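Data block for my_file-v9.tsv (TSV, C-alpha atoms):
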chain	number	residue	atom	x	y	z
A	1460	MET	CA	-5.43	17.01	22.91
A	1461	LYS	CA	-5.97	13.37	23.93
A	1462	ILE	CA	-7.84	10.78	21.89
A	1463	HIS	CA	-11.07	9.54	23.49
A	1464	PRO	CA	-11.04	5.74	24.11
A	1465	MET	CA	-14.50	5.27	22.57
A	1466	THR	CA	-13.29	6.98	19.39
A	1467	LEU	CA	-10.50	4.42	19.20
A	1468	LEU	CA	-12.90	1.52	19.73
A	1469	ARG	CA	-15.71	2.62	17.43
A	1470	VAL	CA	-13.77	4.47	14.72
A	1471	PHE	CA	-10.13	3.40	14.65
A	1472	LEU	CA	-10.43	-0.35	15.26
A	1473	PRO	CA	-13.03	-1.16	12.57
A	1474	PHE	CA	-11.17	0.84	9.91
A	1475	ALA	CA	-7.87	-0.66	11.06
A	1476	ALA	CA	-9.38	-4.12	10.62
A	1477	GLY	CA	-10.35	-3.20	7.06
A	1478	TYR	CA	-6.81	-2.18	6.23
A	1479	PHE	CA	-5.51	-5.32	7.96
A	1480	ILE	CA	-7.45	-7.58	5.59
A	1481	SER	CA	-6.58	-5.46	2.55
A	1482	TYR	CA	-2.88	-5.86	3.25
A	1483	ILE	CA	-3.21	-9.62	3.58
A	1484	TYR	CA	-4.69	-9.65	0.08
A	1485	ARG	CA	-1.95	-7.35	-1.18
A	1486	VAL	CA	1.05	-9.45	-0.14
A	1487	VAL	CA	-0.19	-13.02	0.30
A	1488	ASN	CA	0.92	-13.99	-3.22
A	1489	ALA	CA	4.55	-13.61	-2.12
A	1490	VAL	CA	4.04	-16.70	0.05
A	1491	ILE	CA	1.65	-18.75	-2.11
A	1492	ALA	CA	3.49	-18.01	-5.37
A	1493	PRO	CA	5.04	-21.52	-5.57
A	1494	ASP	CA	1.58	-23.07	-5.18
A	1495	LEU	CA	0.11	-20.86	-7.92
A	1496	VAL	CA	2.99	-21.79	-10.22
A	1497	ALA	CA	2.51	-25.50	-9.50
A	1498	ASP	CA	-1.30	-25.58	-9.70
A	1499	ILE	CA	-2.02	-23.09	-12.50
A	1500	GLY	CA	1.33	-23.07	-14.31
A	1501	VAL	CA	2.12	-19.33	-14.34
A	1502	GLY	CA	5.58	-17.97	-15.13
A	1503	PRO	CA	7.30	-14.84	-13.73
A	1504	SER	CA	5.65	-12.41	-16.15
A	1505	ALA	CA	2.17	-13.92	-15.70
A	1506	LEU	CA	2.67	-14.02	-11.93
A	1507	GLY	CA	3.60	-10.34	-11.99
A	1508	LEU	CA	0.52	-9.50	-14.05
A	1509	LEU	CA	-1.75	-11.57	-11.80
A	1510	THR	CA	-0.52	-9.99	-8.58
A	1511	ALA	CA	-0.38	-6.49	-10.06
A	1512	THR	CA	-4.02	-6.73	-11.20
A	1513	TYR	CA	-4.87	-5.84	-7.60
A	1514	PHE	CA	-3.14	-2.49	-8.10
A	1515	ILE	CA	-4.76	-1.51	-11.39
A	1516	SER	CA	-8.31	-2.37	-10.27
A	1517	PHE	CA	-7.57	-0.55	-7.01
A	1518	ALA	CA	-6.28	2.50	-8.88
A	1519	SER	CA	-9.15	2.61	-11.38
A	1520	PHE	CA	-11.62	3.46	-8.62
A	1521	GLN	CA	-9.60	6.08	-6.74
A	1522	LEU	CA	-11.04	9.25	-8.28
A	1523	PRO	CA	-14.71	8.22	-7.97
A	1524	LEU	CA	-13.83	6.93	-4.52
A	1525	GLY	CA	-12.65	10.37	-3.42
A	1526	VAL	CA	-15.96	11.86	-4.55
A	1527	LEU	CA	-17.96	9.12	-2.80
A	1528	LEU	CA	-16.01	9.50	0.45
A	1529	ASP	CA	-16.52	13.26	0.55
A	1530	ARG	CA	-20.19	12.93	-0.44
A	1531	PHE	CA	-21.46	9.85	1.46
A	1532	GLY	CA	-18.85	9.37	4.18
A	1533	PRO	CA	-16.30	6.61	4.81
A	1534	ARG	CA	-18.52	4.19	6.77
A	1535	LYS	CA	-21.05	3.38	4.04
A	1536	VAL	CA	-18.54	3.44	1.20
A	1537	GLU	CA	-15.98	1.06	2.71
A	1538	ALA	CA	-18.55	-1.37	4.10
A	1539	GLY	CA	-20.22	-1.67	0.69
A	1540	LEU	CA	-17.00	-2.15	-1.24
A	1541	LEU	CA	-15.72	-4.88	1.08
A	1542	PHE	CA	-18.53	-7.16	-0.10
A	1543	PHE	CA	-16.91	-7.08	-3.56
A	1544	ALA	CA	-13.57	-8.02	-1.99
A	1545	ALA	CA	-15.21	-11.05	-0.36
A	1546	LEU	CA	-16.69	-12.03	-3.72
A	1547	GLY	CA	-13.29	-11.67	-5.35
A	1548	ALA	CA	-11.66	-13.91	-2.74
A	1549	PHE	CA	-14.30	-16.58	-3.41
A	1550	ILE	CA	-13.75	-16.35	-7.19
A	1551	PHE	CA	-9.97	-16.55	-6.67
A	1552	ALA	CA	-10.36	-19.64	-4.48
A	1553	ARG	CA	-12.49	-21.42	-7.10
A	1554	ALA	CA	-10.42	-20.41	-10.16
A	1555	GLU	CA	-8.94	-23.10	-12.41
A	1556	SER	CA	-7.14	-20.83	-14.88
A	1557	LEU	CA	-5.05	-17.67	-15.01
A	1558	ALA	CA	-8.08	-15.75	-16.30
A	1559	GLY	CA	-10.13	-16.85	-13.29
A	1560	LEU	CA	-7.38	-15.84	-10.89
A	1561	ILE	CA	-7.07	-12.42	-12.56
A	1562	THR	CA	-10.84	-11.90	-12.34
A	1563	GLY	CA	-10.88	-12.71	-8.64
A	1564	ARG	CA	-7.83	-10.55	-8.02
A	1565	ALA	CA	-9.49	-7.64	-9.84
A	1566	PHE	CA	-12.60	-7.88	-7.65
A	1567	ILE	CA	-10.39	-7.97	-4.55
A	1568	GLY	CA	-8.48	-4.86	-5.60
A	1569	PHE	CA	-11.72	-3.02	-6.33
A	1570	GLY	CA	-13.28	-4.17	-3.07
A	1571	VAL	CA	-10.44	-3.04	-0.82
A	1572	SER	CA	-9.84	0.21	-2.71
A	1573	ALA	CA	-11.36	2.26	0.13
A	1574	CYS	CA	-9.68	0.55	3.07
A	1575	LEU	CA	-6.94	3.13	3.53
A	1576	MET	CA	-8.53	6.23	2.05
A	1577	ALA	CA	-11.82	5.76	3.94
A	1578	ALA	CA	-9.85	5.50	7.16
A	1579	PHE	CA	-7.86	8.64	6.38
A	1580	LYS	CA	-11.11	10.45	5.60
A	1581	ALA	CA	-12.69	9.25	8.84
A	1582	TYR	CA	-9.70	10.37	10.85
A	1583	THR	CA	-9.89	13.89	9.42
A	1584	LEU	CA	-13.46	13.98	10.77
A	1585	TRP	CA	-12.86	12.44	14.19
A	1586	PHE	CA	-9.31	13.49	15.16
A	1587	SER	CA	-7.62	16.88	15.44
A	1588	ARG	CA	-5.29	17.96	12.62
A	1589	GLU	CA	-2.11	17.61	14.68
A	1590	LYS	CA	-2.96	13.96	15.40
A	1591	TRP	CA	-3.28	12.95	11.75
A	1592	PRO	CA	0.35	11.78	11.19
A	1593	LEU	CA	0.26	9.70	14.39
A	1594	VAL	CA	-3.18	8.16	13.82
A	1595	ASN	CA	-2.36	7.53	10.16
A	1596	GLY	CA	0.85	5.82	11.30
A	1597	PHE	CA	-1.13	3.48	13.55
A	1598	GLN	CA	-3.54	2.82	10.67
A	1599	MET	CA	-0.60	1.82	8.50
A	1600	ALA	CA	0.69	-0.37	11.33
A	1601	ALA	CA	-2.59	-2.27	11.11
A	1602	GLY	CA	-1.72	-2.91	7.48
A	1603	GLY	CA	1.67	-4.09	8.66
A	1604	LEU	CA	-0.06	-6.61	10.90
A	1605	GLY	CA	-1.90	-7.80	7.80
A	1606	ALA	CA	1.40	-8.17	5.96
A	1607	LEU	CA	2.72	-10.09	8.95
A	1608	ALA	CA	-0.34	-12.36	8.97
A	1609	ALA	CA	0.25	-13.09	5.28
A	1610	THR	CA	3.71	-14.58	5.92
A	1611	SER	CA	4.46	-17.29	8.50
A	1612	PRO	CA	0.79	-17.65	9.61
A	1613	VAL	CA	-0.27	-18.31	6.01
A	1614	GLU	CA	2.63	-20.72	5.58
A	1615	ALA	CA	1.45	-22.52	8.73
A	1616	ALA	CA	-2.14	-22.58	7.46
A	1617	LEU	CA	-0.91	-24.25	4.27
A	1618	GLN	CA	0.06	-27.25	6.38
A	1619	PHE	CA	-3.65	-27.85	7.07
A	1620	THR	CA	-5.31	-26.59	3.88
A	1621	ASP	CA	-4.30	-25.33	0.46
A	1622	TRP	CA	-4.22	-21.80	-0.95
A	1623	ARG	CA	-7.85	-22.17	-1.97
A	1624	GLY	CA	-8.89	-22.83	1.63
A	1625	VAL	CA	-6.90	-19.79	2.73
A	1626	PHE	CA	-8.89	-17.57	0.36
A	1627	ILE	CA	-12.24	-19.00	1.46
A	1628	GLY	CA	-11.27	-18.05	5.02
A	1629	LEU	CA	-10.28	-14.57	3.87
A	1630	ALA	CA	-13.66	-14.13	2.15
A	1631	LEU	CA	-15.51	-14.94	5.39
A	1632	LEU	CA	-13.28	-12.63	7.45
A	1633	THR	CA	-13.86	-9.83	4.93
A	1634	LEU	CA	-17.63	-10.12	5.35
A	1635	ILE	CA	-17.28	-9.91	9.14
A	1636	ILE	CA	-15.15	-6.75	8.89
A	1637	ALA	CA	-17.58	-5.15	6.45
A	1638	GLY	CA	-20.40	-5.71	8.93
A	1639	SER	CA	-18.37	-4.27	11.82
A	1640	ILE	CA	-17.65	-1.07	9.89
A	1641	PHE	CA	-21.27	-0.60	8.89
A	1642	PHE	CA	-22.85	-1.35	12.29
A	1643	ILE	CA	-20.20	-0.12	14.77
A	1644	VAL	CA	-18.72	3.06	13.24
A	1645	PRO	CA	-20.89	6.11	14.05
A	1646	GLU	CA	-21.94	8.49	11.30
A	1647	LYS	CA	-20.49	11.97	11.16
A	1648	THR	CA	-21.11	14.51	8.43
A	1649	SER	CA	-18.41	16.75	7.00
A	1650	GLU	CA	-18.31	20.03	5.16
A	1651	GLY	CA	-18.35	18.28	1.80
A	1652	THR	CA	-21.43	16.17	2.53
A	1653	GLY	CA	-24.26	17.18	0.21
A	1654	GLU	CA	-21.89	19.10	-2.05
A	1655	SER	CA	-23.07	19.10	-5.67
A	1656	LEU	CA	-21.39	16.74	-8.12
A	1657	HIS	CA	-20.23	19.74	-10.16
A	1658	ASN	CA	-18.44	21.23	-7.16
A	1659	GLN	CA	-16.95	17.86	-6.28
A	1660	MET	CA	-15.49	17.55	-9.75
A	1661	ARG	CA	-14.12	21.08	-9.40
A	1662	GLY	CA	-12.46	19.87	-6.20
A	1663	ILE	CA	-10.67	17.11	-8.12
A	1664	HIS	CA	-9.46	19.71	-10.62
A	1665	GLU	CA	-8.30	21.93	-7.76
A	1666	VAL	CA	-6.17	19.12	-6.38
A	1667	PHE	CA	-4.59	18.13	-9.71
A	1668	ALA	CA	-3.99	21.77	-10.67
A	1669	SER	CA	-2.12	22.50	-7.44
A	1670	ARG	CA	1.64	23.08	-7.55
A	1671	LYS	CA	1.81	21.93	-3.93
A	1672	PHE	CA	0.35	18.60	-4.96
A	1673	TRP	CA	2.69	18.07	-7.92
A	1674	ARG	CA	5.82	19.00	-6.01
A	1675	THR	CA	5.42	16.02	-3.67
A	1676	ALA	CA	3.30	13.59	-5.68
A	1677	PRO	CA	5.97	12.20	-8.08
A	1678	LEU	CA	8.43	11.29	-5.33
A	1679	THR	CA	5.70	9.91	-3.07
A	1680	THR	CA	4.25	7.91	-5.95
A	1681	VAL	CA	7.45	6.21	-7.06
A	1682	SER	CA	8.71	5.56	-3.53
A	1683	GLN	CA	5.46	3.98	-2.37
A	1684	ALA	CA	5.00	2.05	-5.63
A	1685	THR	CA	8.52	0.62	-5.33
A	1686	PHE	CA	7.82	-0.57	-1.82
A	1687	LEU	CA	4.46	-2.10	-2.79
A	1688	ALA	CA	5.79	-3.81	-5.92
A	1689	ILE	CA	8.78	-5.42	-4.20
A	1690	GLN	CA	7.37	-6.18	-0.77
A	1691	GLY	CA	4.07	-7.40	-2.18
A	1692	LEU	CA	5.57	-10.05	-4.48
A	1693	TRP	CA	9.21	-9.93	-5.57
A	1694	ALA	CA	10.85	-9.95	-2.13
A	1695	GLY	CA	9.97	-13.64	-1.75
A	1696	PRO	CA	11.40	-14.77	-5.12
A	1697	TRP	CA	14.52	-12.60	-4.52
A	1698	LEU	CA	15.17	-14.39	-1.24
A	1699	THR	CA	14.70	-17.75	-2.95
A	1700	HIS	CA	16.63	-17.26	-6.18
A	1701	VAL	CA	19.25	-14.66	-5.18
A	1702	ALA	CA	19.90	-15.31	-1.49
A	1703	GLY	CA	19.21	-19.07	-1.72
A	1704	PHE	CA	16.70	-19.25	1.15
A	1705	GLU	CA	14.41	-22.24	1.69
A	1706	ARG	CA	10.65	-21.67	1.63
A	1707	THR	CA	10.27	-21.64	5.42
A	1708	GLN	CA	13.21	-19.23	5.71
A	1709	VAL	CA	11.61	-16.91	3.17
A	1710	ALA	CA	8.32	-16.86	5.10
A	1711	ARG	CA	10.18	-16.24	8.36
A	1712	LEU	CA	12.19	-13.30	7.03
A	1713	LEU	CA	9.12	-11.79	5.34
A	1714	PHE	CA	7.44	-12.07	8.73
A	1715	TRP	CA	10.18	-9.95	10.31
A	1716	VAL	CA	10.13	-7.51	7.39
A	1717	ALA	CA	6.43	-7.03	8.17
A	1718	VAL	CA	7.31	-6.45	11.84
A	1719	ALA	CA	9.85	-3.84	10.74
A	1720	MET	CA	7.16	-2.26	8.57
A	1721	ILE	CA	4.79	-2.02	11.54
A	1722	ALA	CA	7.54	-0.39	13.58
A	1723	GLY	CA	8.27	2.01	10.72
A	1724	PHE	CA	4.67	3.17	10.46
A	1725	ILE	CA	4.43	3.82	14.20
A	1726	VAL	CA	7.91	5.25	14.79
A	1727	LEU	CA	8.06	7.46	11.70
A	1728	GLY	CA	4.52	8.72	12.28
A	1729	THR	CA	5.43	9.60	15.86
A	1730	ILE	CA	8.64	11.33	14.76
A	1731	ALA	CA	6.77	13.34	12.13
A	1732	GLU	CA	4.21	14.49	14.71
A	1733	ARG	CA	6.84	15.51	17.26
A	1734	LEU	CA	9.06	17.28	14.73
A	1735	SER	CA	6.06	19.21	13.41
A	1736	LYS	CA	5.57	20.63	16.90
A	1737	ARG	CA	9.16	21.90	16.74
A	1738	GLY	CA	8.70	23.60	13.41
A	1739	VAL	CA	9.89	20.83	11.07
A	1740	SER	CA	7.24	20.25	8.42
A	1741	VAL	CA	5.74	16.81	7.94
A	1742	GLY	CA	6.73	17.03	4.27
A	1743	ALA	CA	10.40	17.60	5.11
A	1744	THR	CA	10.38	14.58	7.42
A	1745	ALA	CA	8.77	12.43	4.72
A	1746	VAL	CA	11.29	13.41	2.05
A	1747	THR	CA	14.27	12.79	4.35
A	1748	CYS	CA	13.01	9.32	5.22
A	1749	MET	CA	12.31	8.50	1.56
A	1750	PHE	CA	15.91	9.41	0.75
A	1751	LEU	CA	17.12	7.01	3.45
A	1752	PHE	CA	14.89	4.36	1.87
A	1753	MET	CA	16.78	4.88	-1.40
A	1754	ILE	CA	20.09	4.29	0.37
A	1755	VAL	CA	18.74	0.95	1.61
A	1756	GLN	CA	17.86	0.01	-1.96
A	1757	VAL	CA	21.42	0.78	-3.05
A	1758	LEU	CA	22.65	-1.67	-0.41
A	1759	LEU	CA	20.13	-4.24	-1.59
A	1760	ILE	CA	21.28	-3.91	-5.20
A	1761	LEU	CA	25.05	-3.65	-4.67
A	1762	GLY	CA	25.58	-5.49	-1.39
A	1763	PRO	CA	26.30	-9.23	-1.10
A	1764	PRO	CA	23.37	-11.59	-0.31
A	1765	ALA	CA	24.97	-12.21	3.10
A	1766	TRP	CA	23.82	-8.70	4.10
A	1767	CYS	CA	20.25	-9.39	3.14
A	1768	VAL	CA	18.67	-9.88	6.58
A	1769	PRO	CA	19.46	-6.41	8.05
A	1770	VAL	CA	18.99	-4.74	4.66
A	1771	TRP	CA	15.53	-6.25	4.16
A	1772	LEU	CA	14.56	-5.25	7.71
A	1773	ALA	CA	15.64	-1.68	6.94
A	1774	PHE	CA	13.70	-1.93	3.66
A	1775	GLY	CA	10.54	-2.79	5.61
A	1776	PHE	CA	11.10	-0.04	8.17
A	1777	LEU	CA	11.93	2.84	5.81
A	1778	GLY	CA	9.63	1.70	3.00
A	1779	THR	CA	6.80	3.13	5.09
A	1780	SER	CA	8.18	6.66	4.87
A	1781	SER	CA	6.23	7.75	1.81
A	1782	ILE	CA	2.94	7.37	3.67
A	1783	ILE	CA	3.89	10.36	5.86
A	1784	ALA	CA	3.57	12.49	2.73
A	1785	TYR	CA	-0.15	11.68	2.63
A	1786	SER	CA	-0.58	13.58	5.89
A	1787	ALA	CA	1.55	16.44	4.58
A	1788	LEU	CA	-0.61	16.78	1.48
A	1789	SER	CA	-3.86	16.56	3.49
A	1790	GLN	CA	-2.63	19.39	5.70
A	1791	SER	CA	-2.06	21.53	2.59
A	1792	PHE	CA	-5.73	21.45	1.54
A	1793	PRO	CA	-9.10	22.19	3.20
A	1794	VAL	CA	-10.60	19.29	5.18
A	1795	HIS	CA	-13.53	18.90	2.78
A	1796	LEU	CA	-11.03	18.03	0.02
A	1797	SER	CA	-9.14	15.46	2.12
A	1798	GLY	CA	-10.77	12.46	0.48
A	1799	ARG	CA	-9.95	13.71	-3.00
A	1800	VAL	CA	-6.37	14.62	-2.05
A	1801	THR	CA	-5.49	11.20	-0.68
A	1802	THR	CA	-7.27	9.29	-3.43
A	1803	ALA	CA	-5.51	11.42	-6.05
A	1804	VAL	CA	-2.15	10.32	-4.61
A	1805	ASN	CA	-3.37	6.75	-4.37
A	1806	LEU	CA	-4.45	6.79	-8.01
A	1807	LEU	CA	-0.91	7.64	-9.07
A	1808	VAL	CA	0.67	5.22	-6.58
A	1809	PHE	CA	-1.34	2.17	-7.58
A	1810	ILE	CA	-1.11	2.74	-11.32
A	1811	THR	CA	2.65	2.99	-10.89
A	1812	ALA	CA	2.71	-0.06	-8.59
A	1813	PHE	CA	0.80	-2.07	-11.22
A	1814	VAL	CA	3.28	-1.12	-13.93
A	1815	ALA	CA	6.27	-1.67	-11.62
A	1816	GLN	CA	5.21	-5.10	-10.36
A	1817	TRP	CA	4.35	-6.37	-13.84
A	1818	ALA	CA	7.48	-4.79	-15.39
A	1819	LEU	CA	9.70	-6.41	-12.76
A	1820	GLY	CA	8.26	-9.78	-13.77
A	1821	GLY	CA	8.93	-9.02	-17.45
A	1822	ILE	CA	12.52	-7.90	-16.74
A	1823	ILE	CA	13.23	-10.96	-14.60
A	1824	ASP	CA	11.66	-13.19	-17.24
A	1825	PHE	CA	13.83	-11.60	-19.96
A	1826	PHE	CA	17.08	-12.31	-18.11
A	1827	THR	CA	15.98	-15.76	-16.94
A	1828	ARG	CA	15.34	-16.99	-20.52
A	1829	GLY	CA	13.30	-20.05	-19.53
A	1830	GLU	CA	15.64	-21.34	-16.82
A	1831	SER	CA	14.12	-22.89	-13.68
A	1832	THR	CA	16.06	-20.51	-11.42
A	1833	LEU	CA	15.20	-16.82	-11.79
A	1834	SER	CA	18.14	-14.65	-12.87
A	1835	PRO	CA	19.78	-12.50	-10.14
A	1836	THR	CA	20.73	-10.09	-12.94
A	1837	GLY	CA	17.04	-9.61	-13.71
A	1838	PHE	CA	16.33	-8.63	-10.12
A	1839	THR	CA	19.28	-6.21	-10.12
A	1840	ALA	CA	18.15	-4.60	-13.37
A	1841	GLY	CA	14.53	-4.24	-12.25
A	1842	PHE	CA	15.32	-2.89	-8.79
A	1843	SER	CA	17.86	-0.45	-10.26
A	1844	LEU	CA	15.29	0.96	-12.68
A	1845	LEU	CA	12.90	1.72	-9.83
A	1846	LEU	CA	15.69	3.36	-7.83
A	1847	LEU	CA	16.54	5.64	-10.76
A	1848	LEU	CA	12.91	6.76	-10.95
A	1849	GLU	CA	12.96	7.56	-7.22
A	1850	LEU	CA	16.12	9.63	-7.63
A	1851	ALA	CA	14.42	11.54	-10.43
A	1852	GLY	CA	11.48	12.16	-8.09
A	1853	ILE	CA	13.61	13.63	-5.33
A	1854	ALA	CA	15.51	15.79	-7.85
A	1855	TYR	CA	12.20	17.18	-9.11
A	1856	TYR	CA	11.06	17.82	-5.53
A	1857	VAL	CA	14.15	19.95	-4.87
A	1858	LEU	CA	13.92	21.84	-8.17
A	1859	ALA	CA	10.19	22.51	-7.78
A	1860	GLY	CA	10.82	23.86	-4.28
A	1861	ARG	CA	13.42	26.29	-5.60
A	1862	LYS	CA	11.02	27.48	-8.31
A	1863	GLN	CA	8.32	28.13	-5.70
A	1864	ILE	CA	10.79	30.19	-3.67
A	1865	ASP	CA	11.83	32.15	-6.77
A	1866	HIS	CA	8.19	32.93	-7.62
A	1867	SER	CA	7.28	33.98	-4.09
Rewritten as structure tokens:
Amino acid sequence: MKIHPMTLLRVFLPFAAGYFISYIYRVVNAVIAPDLVADIGVGPSALGLLTATYFISFASFQLPLGVLLDRFGPRKVEAGLLFFAALGAFIFARAESLAGLITGRAFIGFGVSACLMAAFKAYTLWFSREKWPLVNGFQMAAGGLGALAATSPVEAALQFTDWRGVFIGLALLTLIIAGSIFFIVPEKTSEGTGESLHNQMRGIHEVFASRKFWRTAPLTTVSQATFLAIQGLWAGPWLTHVAGFERTQVARLLFWVAVAMIAGFIVLGTIAERLSKRGVSVGATAVTCMFLFMIVQVLLILGPPAWCVPVWLAFGFLGTSSIIAYSALSQSFPVHLSGRVTTAVNLLVFITAFVAQWALGGIIDFFTRGESTLSPTGFTAGFSLLLLLELAGIAYYVLAGRKQIDHS
């Protein structure tokens, strides 16, 4: 079944633009971190808390978001929330203290909380089930373009304005995207539209009570949170303080990591779709790729800094693998629960990403002990802790699968 061009133009592109801007917000602090340190005076732990605030405000709205998406549809929900993201960007740009920055960052996280899940919900309505991994992969690639735009292009923009000017521009772009989603995307009702609030809450319970959900969710959560926490902030400081890169070199490599991420979303989504046609489940493909992502992290932790360019490119490419599991979980539940399934995963992912990003800052701060150069040992300890949690997740996935076979 082919995808109609008008569906791409009126459905995919507006939602892809929303995810594009959300990813810029997510990772831009990796580039402007030196400016925030210089202007506001934040240390590693405070910088981790500030950047991770995006994740906790994002996560706090995931369960009500799933209900809203299934009840009112993705178009209205995402367009409305993006106005809060624009407000947050404006507050962030005008902030003169850490508290002001955190407030703006919290509004941004809340405002973009629907950018991925609303798109996934829309795609379950407008595209056939077998196309979900592929379309979701292209959606994630749009986020990769946002990550790319937040690297060298932002660094170039800082030659003409400061980080405050960058965020004023982002606020205006966010308003434009919100309008395009509201006025261009057509409305389409789903089975869950008009469902009573009681039944919607029962749907949330159905998701969280499912063994199918909990077999995959821990591994998906930790893998995706690790990628978000490192790529969204700590990759830049690692390249500076461990590999010894200059600021322009850091922005350039992060640019290519974002390119690798885009390729990963597209290529891995395509592979998952094609293997599913040959009888290989989307879940099996996701888990295999997440295991390969762990191998890359071992190389990052144990390998010499001279290896860092190819290893970071592989990190960007395979770090996308956990998103395939979203499609696998959606396929395991009825379509009318799709919004609640994906937001349930996202709730776990972004709470974990908040803790991971802040904890990495605390660990690095502990080993640095007030020195001007961040401790490489701190990075090694923090990255190793996340890897151990991922290994525990894949071990649980295997054991839970064996228990399901024994009980069947």
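Note that the spacing between CA of Val1487 in chain A and CA of Ala1609 in chain A amounts to 5.0 Å.
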Worksheet, complete the sentence: Across A:Ser1639, A:Thr1729, A:Ser1481, A:Thr1839, the smallest distance to Ile1823 in chain A, with all atoms listed in the file counted, is shown by A:Thr1839
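Counting from CA of Leu1508 in chain A, the distance to CA of Thr1832 in chain A is 19.2 Å.
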Worksheet item: If I put a ball of radius 10 Å at (5.0, -0.1, 16.4) in the file's coordinates, which residues poke into it when counting all atoms listed in the file, written as a PyMOL selection string?
Response: chain A and resi 1596-1597+1599-1601+1603-1604+1718-1729
Selection to disk with C-alpha atoms, as a PDB file, keeping the file's coordinate frame:
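That gives us result-v4.pdb:
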ATOM      1  CA  GLY A1596       0.850   5.820  11.300  1.00  0.00           C
ATOM      2  CA  PHE A1597      -1.130   3.480  13.550  1.00  0.00           C
ATOM      3  CA  MET A1599      -0.600   1.820   8.500  1.00  0.00           C
ATOM      4  CA  ALA A1600       0.690  -0.370  11.330  1.00  0.00           C
ATOM      5  CA  ALA A1601      -2.590  -2.270  11.110  1.00  0.00           C
ATOM      6  CA  GLY A1603       1.670  -4.090   8.660  1.00  0.00           C
ATOM      7  CA  LEU A1604      -0.060  -6.610  10.900  1.00  0.00           C
ATOM      8  CA  VAL A1718       7.310  -6.450  11.840  1.00  0.00           C
ATOM      9  CA  ALA A1719       9.850  -3.840  10.740  1.00  0.00           C
ATOM     10  CA  MET A1720       7.160  -2.260   8.570  1.00  0.00           C
ATOM     11  CA  ILE A1721       4.790  -2.020  11.540  1.00  0.00           C
ATOM     12  CA  ALA A1722       7.540  -0.390  13.580  1.00  0.00           C
ATOM     13  CA  GLY A1723       8.270   2.010  10.720  1.00  0.00           C
ATOM     14  CA  PHE A1724       4.670   3.170  10.460  1.00  0.00           C
ATOM     15  CA  ILE A1725       4.430   3.820  14.200  1.00  0.00           C
ATOM     16  CA  VAL A1726       7.910   5.250  14.790  1.00  0.00           C
ATOM     17  CA  LEU A1727       8.060   7.460  11.700  1.00  0.00           C
ATOM     18  CA  GLY A1728       4.520   8.720  12.280  1.00  0.00           C
ATOM     19  CA  THR A1729       5.430   9.600  15.860  1.00  0.00           C
TER      20      THR A1729
END
Kindly provide the residues of range 1673-1706 of chain A that approach range 1774-1791 of chain A to within 12 Å, each paired with its closest atom pair and their distance in Å to one decimal, based on all atoms listed in the file, listed by chain and increasing number, as JSON lines.
{"residue": "A:Trp1673", "atom": "CA", "partner": "A:Leu1788", "partner_atom": "CA", "distance": 10.0}
{"residue": "A:Arg1674", "atom": "CA", "partner": "A:Leu1788", "partner_atom": "CA", "distance": 10.1}
{"residue": "A:Thr1675", "atom": "CA", "partner": "A:Ala1784", "partner_atom": "CA", "distance": 7.5}
{"residue": "A:Ala1676", "atom": "CA", "partner": "A:Ala1784", "partner_atom": "CA", "distance": 8.5}
{"residue": "A:Pro1677", "atom": "CA", "partner": "A:Ser1781", "partner_atom": "CA", "distance": 10.8}
{"residue": "A:Leu1678", "atom": "CA", "partner": "A:Ser1781", "partner_atom": "CA", "distance": 8.3}
{"residue": "A:Thr1679", "atom": "CA", "partner": "A:Ser1781", "partner_atom": "CA", "distance": 5.4}
{"residue": "A:Thr1680", "atom": "CA", "partner": "A:Ser1781", "partner_atom": "CA", "distance": 8.0}
{"residue": "A:Val1681", "atom": "CA", "partner": "A:Ser1781", "partner_atom": "CA", "distance": 9.1}
{"residue": "A:Ser1682", "atom": "CA", "partner": "A:Ser1781", "partner_atom": "CA", "distance": 6.3}
{"residue": "A:Gln1683", "atom": "CA", "partner": "A:Ser1781", "partner_atom": "CA", "distance": 5.7}
{"residue": "A:Ala1684", "atom": "CA", "partner": "A:Ser1781", "partner_atom": "CA", "distance": 9.5}
{"residue": "A:Thr1685", "atom": "CA", "partner": "A:Gly1778", "partner_atom": "CA", "distance": 8.5}
{"residue": "A:Phe1686", "atom": "CA", "partner": "A:Gly1778", "partner_atom": "CA", "distance": 5.6}
{"residue": "A:Leu1687", "atom": "CA", "partner": "A:Gly1778", "partner_atom": "CA", "distance": 8.6}
{"residue": "A:Ala1688", "atom": "CA", "partner": "A:Gly1778", "partner_atom": "CA", "distance": 11.2}
{"residue": "A:Ile1689", "atom": "CA", "partner": "A:Phe1774", "partner_atom": "CA", "distance": 9.9}
{"residue": "A:Gln1690", "atom": "CA", "partner": "A:Gly1775", "partner_atom": "CA", "distance": 7.9}
{"residue": "A:Gly1691", "atom": "CA", "partner": "A:Gly1775", "partner_atom": "CA", "distance": 11.1}
{"residue": "A:Ala1694", "atom": "CA", "partner": "A:Phe1774", "partner_atom": "CA", "distance": 10.3}
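Of the listed residues (A:Ala1475, A:Ala1608, A:Leu1692, A:Ile1754), A:Ala1475 comes nearest to Met1576 in chain A; the distances count all atoms listed in the file.
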Practice prompt. Excluding Gly1539 in chain A and any residue of its chain fewer than 3 positions from it, enumerate the residues within 9 Å of it, using only C-alpha atoms, and give them as a ChimeraX atom specification.
Written response: /A:1534-1536,1542-1543,1570,1637,1641
Practice prompt. Go through A:Ile1640, A:Ile1499, A:Leu1540, A:Cys1748 one by one, measure the shortest atom-to-atom distance of each to Leu1527 in chain A using only C-alpha atoms, and give the residue with the smallest value.
Written response: A:Leu1540
